[in-house]
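To start, the structure under review is shown below, and the notes come after it.
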Amino acid sequence: MFQQLDLLYQFGTQRDLPPYIIQNLASSIVLREYQKHAFSNTLEYLNNEKISKNRQTHLLYHMATGSGKTVMMAGLVLEFYRRGYRNFLFFVNQTNIIEKTRANFLDPTSSKYLFAESIEIDGVRVPINELTNFAASDPSSINFCFSTTQKLHMDFLDPKENSLTQEDFEGLPVVMISDESHHVNTRTRKTTKSEVEEDRSWEDTVGLAFSGNKDNVLLEFTATVDLRDPSILKKYKDKIVFDYPLARFRESGFTKDFQNFQSYHDPWERTLQALVLSEYRRALFADGGVFSKPVVLLKSQRIDDSKSFYDEFFRRLQGLAEEELLGLATDGIVQQAVTYFKKKDATLSSLRLSLQQSFSEENAIIMNGSTDNSAEKQLAVNSLEDRTNPYRIIFTVDMLNEGWDVLNLYDIVRLYETRQGGKAGKPGAYTIKEAQLIGRGARYFPFLLNDEGIDRDPQDAFIRKYDSDLDNPKRLLETLLYHSKQDSKYINELRSALRETGLLPDEVTEVTYEIKDSFRKTDFFHKALVFSNRREEVSREDVSGLDNRVKSAIYQVDVSERPSRLVSLFDSDAVHPKAQAESETYQIRRRIKDIPLNVTLGTLARFDTLRFDALRHYFPKLTSAREFITSAAYLGETEVTFQSNRAVLIAADLVAGLRKVFSAVSRHVVGIQVTYRGTSRFDAKRLSQVARDKRLQIANPVAGGLGTSQNDGSESDMSVDLASADWYVYNDNFGTSEEKSFVKYFSTVVDDLKKEFGEVYLFRNERLADLAIYSFDSGERFEPDFLLFLRKDGDAPTQQQIYVEPKGPHLLGTDKWKEDFLLTLEENAVPHTVYVDNTKYRIVGLPFYNAENRMAEFRSAFKAVTNN
């Protein structure tokens with residue numbers, strides 16, 4: 001089903017996220033595009049009868065660990081409340097997940113609280129209640145019950161006072177939210193007759209609750225639905241509303257990178273390396289103006305081993321000597337870290353003290369077994385990112401493989417060296433658990449460093465930023481390290497398990513773009529200027545009134561009273577004179593400024609989104625709440641039409657009319673988003689300042705395409721000897737097949753260009769230099785694949801900077817905004833330079849290059865530009 005919904009989404013039938021969802025989620029939540037996509041699919045399903053077919057609503061969200069499933073849950077709670085639902089059951093497989101979920105949904109002081117300070121839907125404040133069953137459900141509130149699947153099952157089998165029973169699901173409709181729902185499918189997987197005839201299972205209980213009322217809703221969330229199982233596929237193929245597995249999540253850049261740190265060190269030395277790297281990360285974050293408290297996890301195989309190493313750890317940490325730290329710095333990233341600290345203190349005594357303080361016993365927590373599984377500890381390990389949370393190091397055995405939500409785990413140290421292989425060379429069950437734990441640690445810690453936050457889209461904080469710069473020390477800030485002993489068999493098993501989960505691609509290749517020495521020696525490399533613009537926020541300083549579409553809209557409200565009366569069965573059908581008088585209706589119009597001020601201000605105060613301080617954010621020239629409701633620039637002249645069977649309106653009528661207007665205004669205001677634009681001014685930089693060698697990591701390289709060399713003669717149709725081509729800046733091209741096609745085409749016209757221009761250089765731009773440009777209309781970031789430089793010397797030197805973007809057929813429509821932007825460059829881009837230079841600069845963009853569909857158009861534009 002999700003494929004049908006995705007097609008509708010792709011072809012422009014996206015459903016906008018309703019304002020009551022946006023405004024009622026926590027202000028710290030920035031919805032990602034895939035989450036908006038998931039909401040859009042859900043709304044399409046709920047509103048499109050051809051898809052839902054009037055079935056009872058049962059949906060599955062197949063979403064990767066860390067992709068924000070709880071945010072989706074919160075948004076769906078708001079959506080179903082708006083649709084009339086009041087009762088919500090959250091249930092999960094493990095008890096340890098319940099406490100953190102309670103905090104997420106109920107505790108406004110929690111850093112991971114999902115809702116706004118005050119929930120307001122259609123102008124009415126909505127409280128949240130926690131109940132043990134739905135008998136005391138409040139019809140105006142969001143009523144939550146929290147349970148495990150096992151407890152729900154036992155409550156149905158053996159009903160007790162104040163517990164959920166079957167009757168709770170037969171009265172008012174319930175929205176049932178199942179997290180880690182793959183655990184519920186205990187029976188779907190069973191195939192033998194004896195298994196089918198077993199006693200009622202958890203899955204039966206959930207099914208019984210769901211079917212108790214035809215309007216009940218079941219929303220399932222899991223990262224691991226096994227659609228290879230025919231029974232599972234049959235159950236869910238018409239229920240999966242959104243599919244976003246871990247592999248896709250990782251490819252989009254929303255996870256940390258993963259590296260296995262192998263060594264021959266003993267467990268203590270492996271741990272010490274992890275501590276040094278953790279402090280190094282903390283320092284790099286601080287250098288960039290970001291608070292972070294990187295966490296180290298020490299994993300033992302048995303509880304006794306964990307307790308023993310706990311004692312050894314603090315004994316050895318207190319006796320730590322600087323010589324031990326120096327001994328670690330033999331090579332690689334640990335040497336890089338130690339060198340960083342030595343520049344600040346050559347003796348490393350500061351580093352030693354920092355380690356002893358940061359990882360002291362009061363900053364450690366043990367999560368070894370069920371005795372450690374207290375509500376207090378669960379909340380502690382699920383709030384590790386908080387400034388007030390002291391913990392930097394966790395000792396554990398097997399308690400944190402599922403339901404653990406943490407972003408700042410960066411080092412996992414495997415303290416044991418045994419291996420448990422599976423059958424036929426497959427990873428064993430314990431290795432799979434280790435892979436699941438690594439998946440928990442792969443959640444991305446969002447950040448933008450001070451020196452790299454300029455012109456960045458806020459969404460960039462949530463994705464990896466250094467895949468295209470493997471030598472950048474800051475890459476460590478988005479890399480999870482798994483420290484283990486050098487053991488090739490174990491590492492192969494672990495990698496196999498990680499590939500199964502989707503955390504590792506099937507193949508990864510590293511490529512290096514090197515600037516040719518011959519180009520580095522040219523005057524062009526050292527003196528040429530390259531231009532790019534910036535992104536700026538569109539100010540609302542000049543906004544001096546409410547959008548005319550809102551203040552001039554037609555607002556009508558029926559406030560007629562229809563009193564009940566006794567009617568004799570023997571009366572005729574004739575309307576009684578009194579009833580006829582009562583049925584007379586009046587159309588009464590009132591401008592908001594003419595409604596008594598105390599009534600208007602009192603009603604306005606019920607809307608948190610229309611508080612004066614909130615309004616000033618959107619309307620900087622507004623001076624008071626009174627101006628907002630009396631001035632013609634805002635709501636003063638807005639009319640409300642009251643339909644009433646009374647000639648004179650009472651205060652309650654006026655409040656009803658005002659609430660209708662203020663609800664509409666509230667939705668409009670919340671929908672106002674910060675907008676950006678790209679500047680017309682393009683500032684100059686020396687090419688030598690931005691162009692440099694870079695190592696890139698490319699997942700799953702494609703023969704003749706992304707990740708493979710264009711110098712390779714085996715790719716005969718697209719191969720070009722770029723290593724010796726004086727017009728190509730880098731040593732090779734590892735781009736897509738479309739990019740290779742353009743380079744091949746360019747190689748056939750470059751000699752003609754050289755007859756006209758003294759210098760011709762094709763520069764690979766994407767990800768290799770800080771040369772992004774920003775759309776004039778929306779401020780969206782864009783890094784065209786190639787820059788073509790054409791320079792002509794003489795009495796009036798000229799230099800053309802031409803942007804070229806090869807684009808595959810499947811992206812011609814999706815990325816059309818980029819082409820439109822490129823085609824407006826020459827008209828709008830204004831080169832600006834502070835360098836003493838009499839060169840005349842020209843900035844030009846070409847239409848997309850596409851060998852299959854667009855060659856005639858591209859050739860024509862290319863010829864027109866290069867002949868100009």
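Identifiers in this document derive from the order of the structure tokens: chains are assigned A, B, ..., residues are numbered from 1 separately in each chain, and ligands are numbered from 1 in order of occurrence.
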Dump as JSON lines the rows for residues of segment 579-665 of chain A within 12 Å of segment 13-29 of chain A: closest atom pair and distance in Å with one decimal, only C-alpha atoms counted, ordered by chain and rising residue number.
```
{"residue": "A:Phe607", "atom": "CA", "partner": "A:Gln23", "partner_atom": "CA", "distance": 11.6}
{"residue": "A:Asp608", "atom": "CA", "partner": "A:Gln23", "partner_atom": "CA", "distance": 10.2}
{"residue": "A:Thr609", "atom": "CA", "partner": "A:Gln23", "partner_atom": "CA", "distance": 8.2}
{"residue": "A:Leu610", "atom": "CA", "partner": "A:Gln23", "partner_atom": "CA", "distance": 11.7}
{"residue": "A:Ser663", "atom": "CA", "partner": "A:Tyr20", "partner_atom": "CA", "distance": 10.2}
{"residue": "A:Ala664", "atom": "CA", "partner": "A:Pro19", "partner_atom": "CA", "distance": 10.2}
{"residue": "A:Val665", "atom": "CA", "partner": "A:Pro19", "partner_atom": "CA", "distance": 11.0}
```
I'd like the neighbourhood of Pro701 of chain A as a list in words, where a residue qualifies if any of its atoms comes within 9 Å (using only C-alpha atoms), though same-chain residues fewer than 5 positions away should be ignored.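 Neighbouring residues, sequence-local ones excluded: Glu507, Val508, Thr509, Leu706, Gly707 and Thr708 of chain A.
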Based on DSSP run over this structure's backbone, return all residues of segment 30-117 of chain A in strand (DSSP E), as a list in words. His58, Leu59, Leu60, Tyr61, His62, Met63, Asn87, Phe88, Leu89, Phe90, Phe91 and Val92 of chain A
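When only C-alpha atoms are used to measure the gap to Phe341 of chain A, the shortest distance among A:Val661, A:Ala442, A:Ala329, A:Ile97 belongs to A:Ala329.
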Identify which of the residues A:Tyr803, A:Phe261, A:Tyr849, A:Phe757 lies closest to Asn867 of chain A, counting only C-alpha atoms when measuring atom-to-atom distances.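 Distance minimum relative to Asn867 of chain A lands on A:Phe757.
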